[in-house]
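Student: Got run-v6.cif for you, mmCIF, C-alpha atoms:
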```
data_entry
loop_
_atom_site.label_atom_id
_atom_site.label_comp_id
_atom_site.auth_asym_id
_atom_site.auth_seq_id
_atom_site.Cartn_x
_atom_site.Cartn_y
_atom_site.Cartn_z
CA MET A 1 10.65 -19.87 17.76
CA ILE A 2 9.02 -21.43 14.70
CA PHE A 3 7.69 -18.00 13.76
CA ALA A 4 11.14 -16.43 14.20
CA GLU A 5 12.58 -19.07 11.88
CA GLU A 6 9.91 -18.24 9.29
CA VAL A 7 10.73 -14.54 9.59
CA LYS A 8 14.39 -15.31 8.94
CA LEU A 9 13.50 -17.36 5.86
CA TYR A 10 11.25 -14.54 4.68
CA GLY A 11 14.17 -12.12 4.95
CA ILE A 12 16.45 -14.46 3.00
CA ALA A 13 13.77 -14.97 0.32
CA CYS A 14 13.28 -11.21 0.04
CA GLY A 15 17.01 -10.54 -0.26
CA HIS A 16 17.46 -13.16 -2.95
CA TYR A 17 14.46 -11.89 -4.88
CA VAL A 18 15.74 -8.31 -4.82
CA ILE A 19 19.24 -9.42 -5.90
CA SER A 20 17.72 -11.29 -8.85
CA GLN A 21 15.83 -8.17 -9.93
CA ILE A 22 18.83 -5.81 -10.10
CA PRO A 23 21.38 -7.67 -12.27
CA LYS A 24 22.76 -4.56 -13.94
CA TYR A 25 23.76 -3.04 -10.59
CA LEU A 26 25.36 -6.13 -9.05
CA ASP A 27 28.86 -5.23 -10.26
CA LEU A 28 28.56 -2.03 -8.25
CA ILE A 29 27.51 -3.77 -5.05
CA ASP A 30 30.14 -5.43 -2.85
CA ASN A 31 27.80 -7.18 -0.45
CA VAL A 32 24.13 -7.61 0.31
CA ILE A 33 23.71 -8.31 4.00
CA PHE A 34 20.62 -9.35 5.94
CA PHE A 35 21.02 -8.22 9.55
CA GLY A 36 19.15 -7.34 12.73
CA SER A 37 16.87 -9.36 14.98
CA SER A 38 15.09 -11.09 12.09
CA ALA A 39 18.41 -12.41 10.76
CA GLN A 40 19.20 -13.72 14.22
CA ARG A 41 16.04 -15.79 14.55
CA ARG A 42 14.72 -13.30 17.10
CA GLY A 43 12.20 -11.80 14.69
CA ALA A 44 8.63 -11.20 15.79
CA GLU A 45 5.59 -10.03 13.86
CA ASN A 46 6.64 -6.40 14.20
CA SER A 47 10.36 -6.89 13.45
CA ASP A 48 11.64 -5.37 10.24
CA ILE A 49 13.60 -7.28 7.63
CA ASP A 50 16.81 -5.21 7.43
CA LEU A 51 18.95 -5.39 4.30
CA PHE A 52 22.18 -3.50 3.66
CA PHE A 53 23.51 -2.98 0.13
CA ASP A 54 27.17 -2.19 0.58
CA THR A 55 28.53 -0.10 -2.30
CA LYS A 56 31.25 2.46 -2.77
CA VAL A 57 29.64 4.31 -5.69
CA SER A 58 28.85 8.03 -5.68
CA ARG A 59 25.77 9.31 -3.87
CA LYS A 60 24.05 9.95 -7.19
CA LYS A 61 24.65 6.42 -8.40
CA ALA A 62 23.62 5.06 -4.99
CA GLY A 63 20.34 6.94 -5.45
CA THR A 64 19.75 5.17 -8.76
CA ILE A 65 20.49 1.79 -7.17
CA LYS A 66 18.16 2.68 -4.30
CA SER A 67 15.29 3.35 -6.72
CA ALA A 68 15.83 -0.02 -8.41
CA ILE A 69 15.89 -1.78 -5.03
CA LYS A 70 12.76 0.04 -3.91
CA LYS A 71 10.89 -1.24 -6.95
CA ALA A 72 12.22 -4.77 -6.46
CA VAL A 73 11.11 -4.76 -2.79
CA SER A 74 7.66 -3.59 -3.85
CA ASP A 75 7.50 -6.34 -6.50
CA PHE A 76 8.63 -8.92 -3.95
CA ARG A 77 5.54 -8.27 -1.82
CA LEU A 78 3.40 -9.46 -4.72
CA SER A 79 5.61 -12.43 -5.63
CA LYS A 80 4.28 -15.96 -5.21
CA GLU A 81 6.99 -16.56 -2.63
CA ALA A 82 5.95 -13.59 -0.50
CA LEU A 83 2.26 -14.47 -0.78
CA LYS A 84 3.00 -17.97 0.48
CA PHE A 85 4.72 -16.44 3.51
CA LYS A 86 1.80 -14.07 3.97
CA MET A 87 -0.57 -17.04 4.02
CA ALA A 88 1.52 -18.30 6.93
CA GLU A 89 1.08 -14.83 8.48
CA VAL A 90 4.63 -13.70 7.82
CA SER A 91 4.66 -10.32 6.08
CA ASN A 92 7.13 -8.21 8.01
CA GLU A 93 8.07 -4.73 6.88
CA ILE A 94 11.21 -4.56 4.73
CA SER A 95 13.80 -1.81 5.33
CA PHE A 96 16.91 -1.39 3.26
CA PHE A 97 20.00 0.79 3.31
CA VAL A 98 22.31 1.59 0.42
CA GLY A 99 25.80 3.01 1.01
CA ASN A 100 29.36 2.43 2.04
CA LEU A 101 29.25 0.30 5.17
CA ASP A 102 32.54 1.78 6.42
CA GLU A 103 30.70 5.10 6.79
CA TRP A 104 27.98 3.61 9.02
CA ALA A 105 29.89 2.83 12.23
CA ASP A 106 26.92 1.84 14.42
CA LEU A 107 25.30 -0.18 11.70
CA LYS A 108 28.59 -1.91 10.95
CA ARG A 109 28.77 -3.14 14.55
CA SER A 110 25.25 -4.51 14.35
CA ILE A 111 25.97 -6.15 11.00
CA LEU A 112 29.13 -7.70 12.36
CA SER A 113 27.20 -9.38 15.14
CA THR A 114 24.07 -10.38 13.24
CA GLY A 115 24.72 -10.17 9.51
CA ILE A 116 24.13 -12.87 6.94
CA VAL A 117 25.83 -12.22 3.61
CA LEU A 118 23.29 -12.95 0.84
CA TYR A 119 25.50 -11.73 -1.98
CA GLY A 120 29.18 -10.83 -2.19
CA LYS A 121 32.65 -11.97 -2.94
CA TYR A 122 34.04 -14.72 -0.74
CA SER A 123 36.22 -13.44 2.05
CA SER A 124 38.23 -15.53 4.48
CA GLN A 125 37.81 -12.70 6.98
CA GLN A 126 41.56 -12.73 7.50
CA PRO A 127 43.25 -9.36 7.27
CA LYS A 128 46.60 -8.99 5.56
CA ALA A 129 49.96 -8.82 7.31
CA GLY A 130 49.26 -11.91 9.39
CA LEU A 131 46.94 -10.21 11.83
CA LYS A 132 44.19 -12.28 13.41
CA TYR A 133 40.62 -11.14 13.19
CA ASN A 134 38.86 -11.30 16.58
CA ILE A 135 35.95 -9.74 18.36
CA ILE A 136 35.75 -8.52 21.91
CA ILE A 137 32.39 -9.30 23.45
CA ILE A 138 31.37 -7.35 26.52
CA TRP A 139 28.30 -8.65 28.26
CA GLU A 140 26.20 -7.70 31.22
CA VAL A 141 25.08 -10.50 33.46
CA VAL A 142 21.58 -9.86 34.74
CA GLY A 143 19.07 -12.00 36.60
CA THR A 144 19.49 -15.34 38.30
CA LYS A 145 21.24 -17.43 35.64
CA ARG A 146 24.68 -15.99 36.36
CA GLY A 147 26.33 -19.20 37.60
CA GLY A 148 25.31 -21.36 34.66
CA PHE A 149 26.42 -18.72 32.19
CA LEU A 150 29.83 -18.17 33.77
CA ASN A 151 30.43 -21.93 33.92
CA LYS A 152 29.61 -22.19 30.25
CA MET A 153 31.92 -19.34 29.29
CA TYR A 154 34.84 -19.90 31.67
CA GLY A 155 34.52 -23.60 32.46
CA TYR A 156 34.40 -25.13 35.91
CA LYS A 157 35.87 -27.78 38.19
CA SER A 158 33.94 -30.69 39.60
CA GLY A 159 36.03 -32.66 42.09
CA SER A 160 39.32 -33.30 40.41
CA LYS A 161 37.88 -32.92 36.92
CA LYS A 162 38.13 -29.68 34.97
CA TYR A 163 35.62 -28.80 32.25
CA LYS A 164 36.69 -26.30 29.63
CA GLY A 165 34.51 -23.30 28.95
CA PHE A 166 33.56 -21.85 25.58
CA ILE A 167 36.32 -19.20 25.67
CA GLU A 168 39.06 -21.77 26.05
CA LYS A 169 37.50 -24.23 23.58
CA SER A 170 37.19 -21.56 20.91
CA GLY A 171 40.79 -20.38 21.35
CA GLY A 172 39.60 -17.12 22.88
CA LEU A 173 40.90 -15.14 25.81
CA ARG A 174 39.26 -13.84 28.96
CA ILE A 175 40.12 -10.15 29.10
CA GLY A 176 38.10 -8.84 31.99
CA LYS A 177 35.29 -9.49 34.44
CA SER A 178 32.63 -9.54 31.75
CA ALA A 179 34.55 -9.58 28.50
CA ALA A 180 36.35 -12.00 26.24
CA MET A 181 38.18 -11.92 22.96
CA ILE A 182 36.91 -14.59 20.55
CA PRO A 183 38.19 -15.53 17.07
CA ILE A 184 35.73 -14.22 14.49
CA LYS A 185 34.90 -17.70 13.21
CA HIS A 186 33.33 -18.55 16.58
CA LYS A 187 31.24 -15.38 16.84
CA ASP A 188 27.90 -17.06 16.09
CA GLU A 189 28.40 -19.67 18.82
CA ALA A 190 29.31 -16.94 21.30
CA PHE A 191 26.25 -14.86 20.42
CA LYS A 192 24.04 -17.90 20.67
CA ILE A 193 25.24 -18.65 24.21
CA ILE A 194 24.81 -15.07 25.45
CA GLU A 195 21.46 -14.64 23.74
CA GLY A 196 20.34 -17.97 25.15
CA TYR A 197 20.68 -16.43 28.60
CA GLY A 198 19.06 -13.20 27.43
CA PHE A 199 21.99 -11.01 28.51
CA PRO A 200 22.69 -7.70 26.74
CA TYR A 201 26.10 -7.44 25.05
CA ARG A 202 28.14 -5.39 22.65
CA VAL A 203 30.87 -6.23 20.19
CA ILE A 204 34.11 -4.58 19.09
CA GLU A 205 36.23 -5.78 16.15
CA VAL A 206 39.94 -6.18 16.83
CA PHE A 207 42.95 -7.30 14.83
CA ASN A 208 45.97 -8.56 16.74
CA MET B 1 -37.95 -19.26 35.16
CA THR B 2 -34.27 -19.36 35.91
CA ARG B 3 -33.91 -22.69 34.17
CA LEU B 4 -35.63 -21.37 31.04
CA GLN B 5 -33.31 -18.37 30.93
CA VAL B 6 -30.28 -20.63 31.22
CA ASN B 7 -31.62 -22.86 28.44
CA GLU B 8 -32.27 -19.87 26.23
CA GLY B 9 -28.74 -18.73 26.88
CA VAL B 10 -27.33 -22.08 25.83
CA VAL B 11 -29.42 -22.19 22.66
CA LYS B 12 -28.36 -18.68 21.75
CA THR B 13 -24.67 -19.44 22.32
CA ALA B 14 -24.87 -22.63 20.27
CA GLY B 15 -26.60 -20.71 17.48
CA PHE B 16 -23.87 -18.06 17.50
CA ASN B 17 -21.12 -20.68 17.33
CA MET B 18 -22.85 -22.50 14.51
CA GLN B 19 -23.14 -19.27 12.54
CA THR B 20 -19.44 -18.41 12.85
CA GLU B 21 -18.49 -22.06 12.28
CA LYS B 22 -20.15 -21.95 8.86
CA HIS B 23 -18.09 -18.89 7.89
CA LEU B 24 -14.87 -20.36 9.23
CA GLU B 25 -15.39 -23.49 7.13
CA ALA B 26 -15.79 -21.31 4.03
CA LEU B 27 -12.62 -19.45 4.98
CA LYS B 28 -10.71 -22.73 5.18
CA GLU B 29 -11.91 -23.47 1.66
CA THR B 30 -10.60 -20.10 0.47
CA ASP B 31 -7.22 -20.76 2.10
CA LYS B 32 -7.04 -24.19 0.49
CA THR B 33 -7.83 -22.78 -2.95
CA LEU B 34 -5.15 -20.10 -2.60
CA LYS B 35 -2.58 -22.57 -1.34
CA VAL B 36 -3.16 -24.93 -4.27
CA ALA B 37 -2.90 -22.02 -6.72
CA LEU B 38 0.29 -20.61 -5.17
CA ASP B 39 1.91 -24.06 -5.12
CA ASP B 40 1.09 -24.74 -8.76
CA PRO B 41 4.38 -24.71 -10.71
CA GLU B 42 2.44 -23.72 -13.82
CA GLY B 43 1.42 -20.46 -12.18
CA LEU B 44 -1.72 -18.69 -11.11
CA LEU B 45 -3.35 -18.03 -14.48
CA GLY B 46 -4.93 -21.48 -14.65
CA HIS B 47 -6.70 -20.66 -11.36
CA GLN B 48 -8.13 -17.27 -12.35
CA ARG B 49 -11.81 -18.00 -11.70
CA ARG B 50 -11.31 -20.04 -8.58
CA ILE B 51 -9.03 -17.40 -7.04
CA VAL B 52 -11.27 -14.43 -7.79
CA PHE B 53 -14.43 -16.25 -6.72
CA MET B 54 -12.94 -17.61 -3.52
CA VAL B 55 -11.33 -14.34 -2.34
CA SER B 56 -14.70 -12.67 -2.87
CA VAL B 57 -16.42 -15.40 -0.81
CA GLY B 58 -13.61 -15.24 1.76
CA ALA B 59 -13.84 -11.46 2.16
CA GLN B 60 -17.58 -11.67 2.73
CA GLN B 61 -17.13 -14.45 5.30
CA LEU B 62 -14.36 -12.61 7.09
CA ILE B 63 -16.46 -9.50 7.47
CA GLU B 64 -19.47 -11.44 8.69
CA VAL B 65 -17.33 -13.30 11.24
CA TYR B 66 -15.97 -9.94 12.37
CA PHE B 67 -19.48 -8.59 12.91
CA HIS B 68 -20.46 -11.73 14.78
CA ARG B 69 -17.40 -11.51 17.01
CA LEU B 70 -18.25 -7.90 17.79
CA ASN B 71 -21.82 -9.07 18.37
CA ILE B 72 -23.22 -6.27 16.24
CA ILE B 73 -25.03 -8.14 13.46
CA LYS B 74 -28.80 -8.50 13.74
CA PRO B 75 -30.13 -12.06 14.02
CA GLY B 76 -30.64 -13.68 10.63
CA ALA B 77 -28.95 -10.81 8.75
CA GLN B 78 -26.43 -11.56 6.03
CA VAL B 79 -23.73 -9.54 4.31
CA LYS B 80 -23.90 -9.76 0.49
CA HIS B 81 -20.66 -9.82 -1.47
CA ASP B 82 -21.91 -7.48 -4.19
CA TRP B 83 -22.47 -4.66 -1.65
CA PHE B 84 -18.71 -4.26 -1.56
CA LYS B 85 -18.77 -2.95 -5.12
CA LEU B 86 -20.49 0.17 -3.84
CA VAL B 87 -18.61 3.34 -3.07
CA GLU B 88 -17.81 3.85 0.61
CA ASN B 89 -20.83 5.93 1.69
CA ASN B 90 -23.36 3.80 -0.17
CA LEU B 91 -21.79 0.67 1.25
CA LYS B 92 -22.04 2.02 4.79
CA GLU B 93 -25.71 2.84 4.17
CA ARG B 94 -26.26 -0.74 3.01
CA LEU B 95 -24.58 -2.17 6.10
CA SER B 96 -26.33 0.08 8.62
CA PRO B 97 -29.73 -1.71 8.67
CA ILE B 98 -28.19 -5.10 9.47
CA LEU B 99 -26.02 -3.80 12.32
CA THR B 100 -26.91 -2.87 15.86
CA LYS B 101 -24.14 -0.28 16.03
CA SER B 102 -23.02 2.66 13.89
CA VAL B 103 -20.81 1.46 11.01
CA ASN B 104 -18.31 4.25 11.64
CA SER B 105 -17.76 3.10 15.22
CA ILE B 106 -16.46 -0.33 14.11
CA PRO B 107 -12.67 -0.55 14.57
CA LYS B 108 -10.69 -0.40 11.30
CA ILE B 109 -13.89 -0.35 9.25
CA ASP B 110 -12.55 2.04 6.60
CA GLN B 111 -9.51 -0.13 5.91
CA ILE B 112 -11.68 -3.24 5.88
CA LEU B 113 -14.22 -1.81 3.44
CA TYR B 114 -11.47 -0.38 1.23
CA LEU B 115 -9.89 -3.83 0.84
CA ALA B 116 -13.26 -5.54 0.40
CA ASN B 117 -14.06 -3.03 -2.35
CA LYS B 118 -10.74 -3.73 -4.09
CA ILE B 119 -11.39 -7.46 -3.94
CA GLU B 120 -14.92 -7.13 -5.27
CA SER B 121 -14.44 -4.35 -7.82
CA ASP B 122 -13.87 -6.40 -11.00
CA ARG B 123 -14.94 -9.78 -9.65
CA ASN B 124 -17.53 -10.55 -12.32
CA ASP B 125 -15.26 -9.54 -15.22
CA LEU B 126 -12.57 -11.85 -13.93
CA VAL B 127 -14.89 -14.74 -13.08
CA TYR B 128 -17.02 -14.64 -16.22
CA GLY B 129 -14.82 -12.71 -18.65
CA ALA B 130 -11.71 -13.40 -20.70
CA PRO B 131 -8.59 -15.01 -19.27
CA LEU B 132 -5.91 -12.63 -18.04
CA LYS B 133 -2.61 -12.27 -19.87
CA ASP B 134 -0.49 -11.91 -16.73
CA ASP B 135 -1.04 -12.81 -13.11
CA LYS B 136 -0.42 -9.42 -11.46
CA LYS B 137 -4.11 -8.80 -10.84
CA LEU B 138 -4.54 -12.25 -9.29
CA LYS B 139 -1.59 -11.65 -6.98
CA GLU B 140 -3.11 -8.33 -5.94
CA LYS B 141 -6.43 -10.04 -5.17
CA ILE B 142 -4.68 -12.64 -3.00
CA ASP B 143 -2.64 -9.96 -1.27
CA ASP B 144 -5.73 -7.84 -0.55
CA PHE B 145 -7.55 -10.84 0.86
CA LEU B 146 -4.61 -11.80 3.10
CA GLU B 147 -4.29 -8.19 4.25
CA LEU B 148 -8.01 -8.11 5.10
CA LYS B 149 -7.64 -11.36 7.01
CA LYS B 150 -4.66 -9.97 8.91
CA ILE B 151 -6.56 -6.84 9.98
CA ILE B 152 -9.64 -8.77 11.07
CA LYS B 153 -7.53 -11.29 12.95
CA GLU B 154 -5.76 -8.46 14.76
CA GLN B 155 -9.13 -7.04 15.77
CA ALA B 156 -11.18 -10.16 16.38
CA GLY B 157 -8.61 -12.75 17.46
CA ASP B 158 -7.83 -16.13 15.94
CA LEU B 159 -10.04 -17.31 13.12
#
```
What do you get writing this file as structure tokens?
Tutor:
Amino acid sequence: MIFAEEVKLYGIACGHYVISQIPKYLDLIDNVIFFGSSAQRRGAENSDIDLFFDTKVSRKKAGTIKSAIKKAVSDFRLSKEALKFKMAEVSNEISFFVGNLDEWADLKRSILSTGIVLYGKYSSQQPKAGLKYNIIIIWEVVGTKRGGFLNKMYGYKSGSKKYKGFIEKSGGLRIGKSAAMIPIKHKDEAFKIIEGYGFPYRVIEVFN
Amino acid sequence: MTRLQVNEGVVKTAGFNMQTEKHLEALKETDKTLKVALDDPEGLLGHQRRIVFMVSVGAQQLIEVYFHRLNIIKPGAQVKHDWFKLVENNLKERLSPILTKSVNSIPKIDQILYLANKIESDRNDLVYGAPLKDDKKLKEKIDDFLELKKIIKEQAGDL
């Protein structure tokens, strides 16, 4: 777990370094997002550091930005910061993507569930027209820890006392046997619980 | 007879451990030097000689530890740091007489010798010559050493 934490910090350090090296392109970039297992503190020695540079510029311009990022990533590996991490045996591969996130449906889902915004304009994550931003999490319960997990999510009764589960406490809604709708602001807590039990899950964004 | 064999075995094992212990101590010294240099807010340039000298020492120690772990170095033999300046084939010829196994059969040997050569290539110029103007070369030396360490650790286990 300590190593996974170091990998996450390495990813953040890399992202910040790259951002600092491409000032003339920052106005063209909406968000820089660190995502994937390394961002989730599940990174191992062979996990990549995944960075997404979300931009709506033309393909040609995106190519120019990509070249600048590629150079910055290469320079980062020889930065004092990166060498310090390497001394602690953290030197994971760095992958990056440049493009319009709305055009990368699968990646967008992964980013939604694991992304850390390293650069970008502040967003309250509230869509217009009074709609609420939620996620539907669909999980698969496997193994022997089913009871503990369900108690945690749905709550339980002990004698006359009732203990609230995470779904109720977060203002969410149970919507099926293995699914719940959770307000976006509680997504990290939800992921942490499910990941703590090691269950696979997927996420869908919804506005209601 | 049996007792003598056992005793010989013990002596041999202790000797082997002592030999690798010596190299591991030197490696700790290299790590310490690099850590101090990387933590220095004034930068790496003030550590030019120490860095270049210690990564050269460290590379030599790492490779010797590797050979010991593989149990392929002849008793009493030593690897010399300046051999790594040689081009690949000449270097392999130099190493052959001190090893009990073909150099080419050693796992990852080409990568290891390539990095050792990079570390050693301009060692004397940087240790005894003029100070550098920027620290890129020093960072490359540190990176090469850490890469070499990573490869050897992957092959030989914890150091």
Student: For Lys152 (chain A), list every protein, DNA or RNA residue within 12 Å, evaluated using all atoms listed in the file, and leave out those in the same chain fewer than 6 positions away; present the list as a list of chain:residue names.
Tutor: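 The contact residues come out as A:Lys145, A:Arg146, A:Tyr163, A:Lys164, A:Gly165, A:Phe166, A:Ile167, A:Glu168, A:Lys169, A:Glu189, A:Ala190, A:Lys192, A:Ile193, A:Ile194, A:Gly196, A:Tyr197.
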Student: Let me know the residues the PyMOL selection byres ((chain B) within 7 of (chain A)) catches in the file above, as an MDAnalysis selection string.
Tutor: chainID B and resid 38 139:140 143 146
Student: Translate the PyMOL selection byres ((chain A and resi 18) around 8), as applied to the file shown, into an explicit residue set as a ChimeraX atom specification.
Tutor: /A:14-17,19-22,69,72-73,76
Student: Find the residue from A:Asp54, A:Asn208, A:Asp48, A:Val7 that sits nearest to Lys132 (chain A); use all atoms listed in the file when measuring.
Tutor: A:Asn208
Student: What's the separation between CA of Asp122 (chain B) and CA of Val55 (chain B), in Å to one decimal place?
Tutor: 12.0 Å
Student: Would you write out, as a list in words, every residue that the PyMOL selection byres ((chain B and resi 56-66) around 6) captures in this file?
Tutor: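 For this structure, the PyMOL selection byres ((chain B and resi 56-66) around 6) resolves to Thr20, His23, Leu27, Thr30, Phe53, Met54, Val55, Phe67, His68, Arg69 and His81 of chain B.
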Student: Please indicate the distance in Å from CA of Lys141 (chain B) to CA of Ser121 (chain B), rounded to one decimal place.
Tutor: 10.2 Å
Student: So, with all atoms listed in the file as the atoms that count, which of A:Ile12, A:Thr64, A:Ala4, A:Leu107 lies closest to Ala44 (chain A)?
Tutor: A:Ala4
Student: Would you work out the distance separating CA of Tyr114 (chain B) from CA of Ile152 (chain B), expressed in Å to one decimal?
Tutor: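 Here the two named atoms are 13.1 Å from each other.
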Student: What's the 8 Å shell around Val206 (chain A), counting all atoms listed in the file, without same-chain residues fewer than 2 positions away, as a ChimeraX atom specification?
Tutor: /A:133-136,204,208
Student: For Pro131 (chain B), which residue out of B:Leu91, B:Asp39, B:Leu45, B:Leu34 is the nearest one, using all atoms listed in the file?
Tutor: B:Leu45
